[in-house]
$ cat protein07.txt   # compact mmCIF, C-alpha atoms
# COMPACT_ATOMS: atom_id res chain seq x y z
CA MET C 483 -28.42 4.57 16.73
CA THR C 484 -25.72 4.16 14.07
CA ALA C 485 -26.20 1.81 11.15
CA ASN C 486 -24.14 -1.37 10.92
CA VAL C 487 -22.96 -1.79 7.31
CA LEU C 488 -21.87 -4.80 5.29
CA VAL C 489 -19.54 -4.10 2.37
CA ALA C 490 -19.87 -7.25 0.25
CA TYR C 491 -17.69 -7.70 -2.80
CA ALA C 492 -16.78 -10.00 -5.66
CA THR C 493 -13.19 -9.90 -6.85
CA LYS C 494 -11.01 -11.82 -9.25
CA ASN C 495 -7.53 -10.43 -8.53
CA GLN C 496 -8.09 -8.66 -5.17
CA SER C 497 -8.38 -5.06 -6.40
CA THR C 498 -12.10 -4.91 -5.60
CA ALA C 499 -11.44 -6.48 -2.20
CA ALA C 500 -9.04 -3.63 -1.43
CA ILE C 501 -11.66 -1.08 -2.51
CA ALA C 502 -14.23 -2.75 -0.25
CA ARG C 503 -11.82 -2.64 2.70
CA THR C 504 -11.18 1.07 2.04
CA ILE C 505 -14.93 1.74 2.02
CA ALA C 506 -15.43 -0.18 5.28
CA GLU C 507 -12.46 1.56 6.90
CA THR C 508 -13.75 4.99 5.86
CA LEU C 509 -17.26 4.23 7.16
CA ASP C 510 -15.72 3.17 10.49
CA GLU C 511 -13.72 6.41 10.62
CA GLN C 512 -17.01 8.30 10.17
CA GLY C 513 -18.63 6.48 13.09
CA VAL C 514 -20.50 3.94 10.99
CA PRO C 515 -19.47 0.38 11.95
CA ALA C 516 -18.70 -1.60 8.81
CA VAL C 517 -17.16 -4.88 7.75
CA ALA C 518 -15.95 -6.01 4.31
CA ARG C 519 -16.66 -9.62 3.31
CA PRO C 520 -16.60 -11.64 0.10
CA ALA C 521 -20.14 -11.72 -1.33
CA GLY C 522 -20.03 -15.47 -1.88
CA GLU C 523 -19.33 -16.11 1.80
CA VAL C 524 -22.21 -14.04 3.21
CA LEU C 525 -24.98 -16.36 4.36
CA ASP C 526 -27.17 -13.87 6.20
CA VAL C 527 -27.56 -10.09 6.04
CA GLY C 528 -29.89 -9.88 9.04
CA ASP C 529 -27.29 -8.26 11.30
CA TYR C 530 -26.75 -5.34 8.91
CA ASP C 531 -28.79 -2.18 8.60
CA ALA C 532 -27.30 -1.22 5.22
CA VAL C 533 -25.28 -2.90 2.48
CA VAL C 534 -22.69 -1.76 -0.03
CA LEU C 535 -22.25 -4.34 -2.79
CA GLY C 536 -19.44 -4.20 -5.30
CA SER C 537 -18.00 -6.24 -8.10
CA ALA C 538 -15.02 -6.25 -10.36
CA LEU C 539 -15.90 -5.81 -14.00
CA TYR C 540 -14.62 -8.69 -16.03
CA ALA C 541 -15.36 -8.67 -19.76
CA GLY C 542 -17.84 -5.87 -19.05
CA ARG C 543 -19.86 -7.89 -16.55
CA TRP C 544 -20.33 -8.09 -12.81
CA LEU C 545 -18.88 -11.28 -11.33
CA ARG C 546 -21.20 -14.17 -10.48
CA PRO C 547 -20.73 -13.97 -6.67
CA ALA C 548 -22.03 -10.37 -6.63
CA ARG C 549 -25.00 -11.18 -8.85
CA GLY C 550 -25.74 -14.26 -6.75
CA PHE C 551 -25.55 -12.23 -3.53
CA ALA C 552 -28.17 -9.84 -4.89
CA ARG C 553 -30.49 -12.72 -5.85
CA ARG C 554 -30.06 -14.65 -2.59
CA HIS C 555 -30.59 -11.64 -0.33
CA GLN C 556 -33.10 -9.64 -2.37
CA ARG C 557 -35.98 -10.16 0.04
CA ALA C 558 -33.87 -9.37 3.14
CA LEU C 559 -32.46 -6.21 1.53
CA THR C 560 -35.82 -4.80 0.52
CA GLY C 561 -36.30 -1.57 2.42
CA ARG C 562 -32.68 -1.36 3.58
CA PRO C 563 -30.26 1.22 2.22
CA VAL C 564 -28.12 -0.34 -0.52
CA TRP C 565 -25.33 1.18 -2.61
CA LEU C 566 -23.42 -0.44 -5.47
CA PHE C 567 -19.96 -0.03 -6.92
CA SER C 568 -18.04 -1.49 -9.81
CA SER C 569 -14.30 -1.53 -10.35
CA GLY C 570 -12.51 -2.14 -13.52
CA PRO C 571 -11.58 0.50 -16.05
CA LEU C 572 -7.86 0.16 -16.62
CA ASP C 573 -7.37 3.80 -17.44
CA ALA C 574 -8.08 7.18 -15.82
CA SER C 575 -11.66 7.38 -17.16
CA ALA C 576 -13.34 6.53 -13.83
CA HIS C 577 -11.54 9.44 -12.19
CA GLU C 578 -12.30 11.87 -15.03
CA ARG C 579 -16.03 11.26 -15.47
CA ASP C 580 -18.98 9.22 -14.25
CA ILE C 581 -19.08 5.86 -15.97
CA PRO C 582 -22.54 4.34 -16.35
CA ALA C 583 -23.24 1.04 -14.62
CA VAL C 584 -23.02 -2.09 -16.74
CA ARG C 585 -26.29 -3.87 -17.53
CA GLY C 586 -25.91 -6.45 -14.73
CA ALA C 587 -25.32 -3.72 -12.14
CA VAL C 588 -28.33 -1.80 -13.45
CA ARG C 589 -30.50 -4.91 -12.97
CA VAL C 590 -29.20 -5.38 -9.44
CA ALA C 591 -29.79 -1.69 -8.67
CA GLU C 592 -33.38 -1.94 -9.87
CA ARG C 593 -34.02 -5.21 -8.02
CA LEU C 594 -32.62 -3.91 -4.72
CA GLY C 595 -33.73 -0.28 -5.02
CA ALA C 596 -30.12 0.86 -4.70
CA ARG C 597 -29.55 4.46 -3.72
CA GLY C 598 -26.57 4.84 -6.00
CA HIS C 599 -23.84 3.28 -8.09
CA VAL C 600 -20.31 4.38 -8.88
CA THR C 601 -17.56 2.92 -11.03
CA PHE C 602 -14.02 3.12 -9.71
CA GLY C 603 -10.83 2.52 -11.66
CA GLY C 604 -9.34 -0.93 -11.31
CA ARG C 605 -5.94 -2.49 -10.86
CA LEU C 606 -4.29 -5.23 -12.85
CA ASP C 607 -0.84 -6.41 -11.77
CA GLU C 608 1.60 -8.99 -13.05
CA GLY C 609 0.55 -12.41 -11.87
CA ALA C 610 -3.16 -11.71 -12.32
CA THR C 611 -5.22 -14.78 -13.07
CA GLY C 612 -7.59 -15.33 -15.96
CA ARG C 613 -7.17 -15.44 -19.71
CA ILE C 614 -8.43 -11.90 -20.30
CA ALA C 615 -6.25 -10.46 -17.52
CA ARG C 616 -3.15 -12.11 -18.91
CA MET C 617 -3.99 -10.84 -22.40
CA LEU C 618 -4.40 -7.28 -21.12
CA LEU C 619 -1.08 -7.50 -19.30
CA ARG C 620 0.65 -8.70 -22.48
CA GLN C 621 -0.82 -5.66 -24.25
CA GLY C 622 0.71 -3.39 -21.60
CA ARG C 623 -2.67 -2.37 -20.18
CA GLY C 624 -1.95 -3.24 -16.56
CA GLY C 625 -1.48 -0.81 -13.72
CA ASP C 626 -3.30 0.69 -10.76
CA PHE C 627 -6.04 3.14 -11.71
CA ARG C 628 -7.83 3.27 -8.37
CA ASP C 629 -8.31 6.72 -6.85
CA GLU C 630 -8.30 6.31 -3.08
CA GLU C 631 -9.67 9.79 -2.41
CA GLN C 632 -12.58 9.19 -4.81
CA ILE C 633 -13.36 5.93 -2.98
CA ARG C 634 -13.10 7.56 0.46
CA SER C 635 -15.22 10.54 -0.60
CA TRP C 636 -17.99 8.24 -1.82
CA ALA C 637 -17.87 6.28 1.45
CA ARG C 638 -18.01 9.51 3.46
CA ASP C 639 -21.15 10.50 1.53
CA ILE C 640 -22.75 7.18 2.48
CA ALA C 641 -21.78 7.71 6.11
CA LYS C 642 -23.30 11.20 6.09
CA GLU C 643 -26.54 9.86 4.68
CA LEU C 644 -26.71 7.05 7.24
CA ASN C 645 -25.76 9.34 10.13
CA LEU C 646 -28.53 11.76 9.13
CA GLU C 647 -31.10 8.98 9.05
CA GLY C 648 -29.89 6.91 11.98
CA ALA C 649 -30.28 3.18 11.63
CA PRO C 650 -33.28 2.21 9.51

$ encode --input "protein07.txt" --output "structure tokens"
Amino acid sequence: MTANVLVAYATKNQSTAAIARTIAETLDEQGVPAVARPAGEVLDVGDYDAVVLGSALYAGRWLRPARGFARRHQRALTGRPVWLFSSGPLDASAHERDIPAVRGAVRVAERLGARGHVTFGGRLDEGATGRIARMLLRQGRGGDFRDEEQIRSWARDIAKELNLEGAP
């Protein structure tokens, strides 16, 4: 039996949502049914065998909906495969080297027994909301630093692991 995966995410300006959709799409392509949903809208994780949880990094922190998702569903996720991702560096650093998880993501990983965490580059475009985002754009630090192949490769690794195990 193949695992059914939820890719839950918290996003401020939709970059992390796009990463989550890419992860879900890649899992589907690998024969692992997956759906991407905003973390704040997920009421029940009972229908999912595994979860990928991601958050945008804003001021070096995971967003509240991702942290809240982890708290609300901690008991239900115990014993299920869980992976975490962050998105946010507005430079090529996430593509060039592993970036350690921020403190909030480390706490979530410990609480949920996550199998792994990765940080992907982020995207910040004109029209982004939030005081910090607007300041970064004024400083010329916007742009798209996501690496689609890095994202897809990570998702393929998750699919391989789940396909080897079958559904938990």

$ atom_distance --input "protein07.txt" --atom1 "CA of Asp580 in chain C" --atom2 "CA of Lys642 in chain C"
20.9 Å

$ atom_distance --input "protein07.txt" --atom1 "CA of Ala538 in chain C" --atom2 "CA of Ile633 in chain C"
14.3 Å

$ residues_around --input "protein07.txt" --residues "His577 in chain C" --least-positions-apart "4" --cutoff "9 Å" --atoms "all atoms listed in the file" --output "mmCIF file with C-alpha atoms, in the coordinates of the input"
data_model
loop_
_atom_site.group_PDB
_atom_site.id
_atom_site.type_symbol
_atom_site.label_atom_id
_atom_site.label_comp_id
_atom_site.auth_asym_id
_atom_site.auth_seq_id
_atom_site.Cartn_x
_atom_site.Cartn_y
_atom_site.Cartn_z
ATOM 1 C CA ASP C 573 -7.370 3.800 -17.440
ATOM 2 C CA THR C 601 -17.560 2.920 -11.030
ATOM 3 C CA PHE C 602 -14.020 3.120 -9.710
ATOM 4 C CA GLY C 603 -10.830 2.520 -11.660
ATOM 5 C CA PHE C 627 -6.040 3.140 -11.710
ATOM 6 C CA ARG C 628 -7.830 3.270 -8.370
ATOM 7 C CA ASP C 629 -8.310 6.720 -6.850
ATOM 8 C CA GLN C 632 -12.580 9.190 -4.810
#

$ residues_around --input "protein07.txt" --residues "range 501-510 of chain C" --least-positions-apart "2" --cutoff "7 Å" --atoms "only C-alpha atoms" --output "CSV table (one decimal) with C-alpha atoms, in the frame of the given file"
chain,number,residue,atom,x,y,z
C,489,VAL,CA,-19.5,-4.1,2.4
C,491,TYR,CA,-17.7,-7.7,-2.8
C,497,SER,CA,-8.4,-5.1,-6.4
C,498,THR,CA,-12.1,-4.9,-5.6
C,499,ALA,CA,-11.4,-6.5,-2.2
C,512,GLN,CA,-17.0,8.3,10.2
C,513,GLY,CA,-18.6,6.5,13.1
C,514,VAL,CA,-20.5,3.9,11.0
C,515,PRO,CA,-19.5,0.4,12.0
C,516,ALA,CA,-18.7,-1.6,8.8
C,517,VAL,CA,-17.2,-4.9,7.8
C,518,ALA,CA,-16.0,-6.0,4.3
C,633,ILE,CA,-13.4,5.9,-3.0
C,634,ARG,CA,-13.1,7.6,0.5
C,637,ALA,CA,-17.9,6.3,1.4
C,638,ARG,CA,-18.0,9.5,3.5
C,641,ALA,CA,-21.8,7.7,6.1

$ closest_residue --input "protein07.txt" --among "C:Arg613, C:Arg546, C:Arg554, C:Arg597" --to "Asp639 in chain C" --atoms "all atoms listed in the file"
C:Arg597

$ closest_residue --input "protein07.txt" --among "C:Leu606, C:Val600, C:Leu535, C:Met617" --to "Ser635 in chain C" --atoms "only C-alpha atoms"
C:Val600

$ closest_residue --input "protein07.txt" --among "C:Leu572, C:Leu559, C:Leu566, C:Ala532" --to "Ala615 in chain C" --atoms "all atoms listed in the file"
C:Leu572

$ axis_aligned_box --input "protein07.txt" --around "range 515-533 of chain C" --padding-each-side "6 Å" --output "JSON"
{"center_x": -22.9, "center_y": -8.0, "center_z": 5.0, "size_x": 25.9, "size_y": 28.7, "size_z": 25.8}

$ closest_residue --input "protein07.txt" --among "C:Glu608, C:Gly625, C:Phe567, C:Glu647" --to "Ala485 in chain C" --atoms "only C-alpha atoms"
C:Glu647

$ atom_distance --input "protein07.txt" --atom1 "CA of Asp529 in chain C" --atom2 "CA of Asn486 in chain C"
7.6 Å

$ closest_residue --input "protein07.txt" --among "C:Ile581, C:Ala500, C:Ala587, C:Ala610" --to "Ala548 in chain C" --atoms "all atoms listed in the file"
C:Ala587

$ residues_around --input "protein07.txt" --residues "Phe551 in chain C" --least-positions-apart "6" --cutoff "9 Å" --atoms "all atoms listed in the file" --output "list in words"
Ala490, Ala521, Gly522, Val524, Leu525 and Leu535 of chain C

$ residues_around --input "protein07.txt" --residues "Ala596 in chain C" --least-positions-apart "2" --cutoff "12 Å" --atoms "only C-alpha atoms" --output "PyMOL selection string"
chain C and resi 532-536+552+556+559-567+587-594+598-600

$ residues_around --input "protein07.txt" --residues "Ile614 in chain C" --least-positions-apart "5" --cutoff "9 Å" --atoms "only C-alpha atoms" --output "list of chain:residue names"
C:Tyr540, C:Ala541, C:Leu619

$ closest_residue --input "protein07.txt" --among "C:Arg623, C:Ala492, C:Asp526, C:Gly570" --to "Val584 in chain C" --atoms "all atoms listed in the file"
C:Gly570
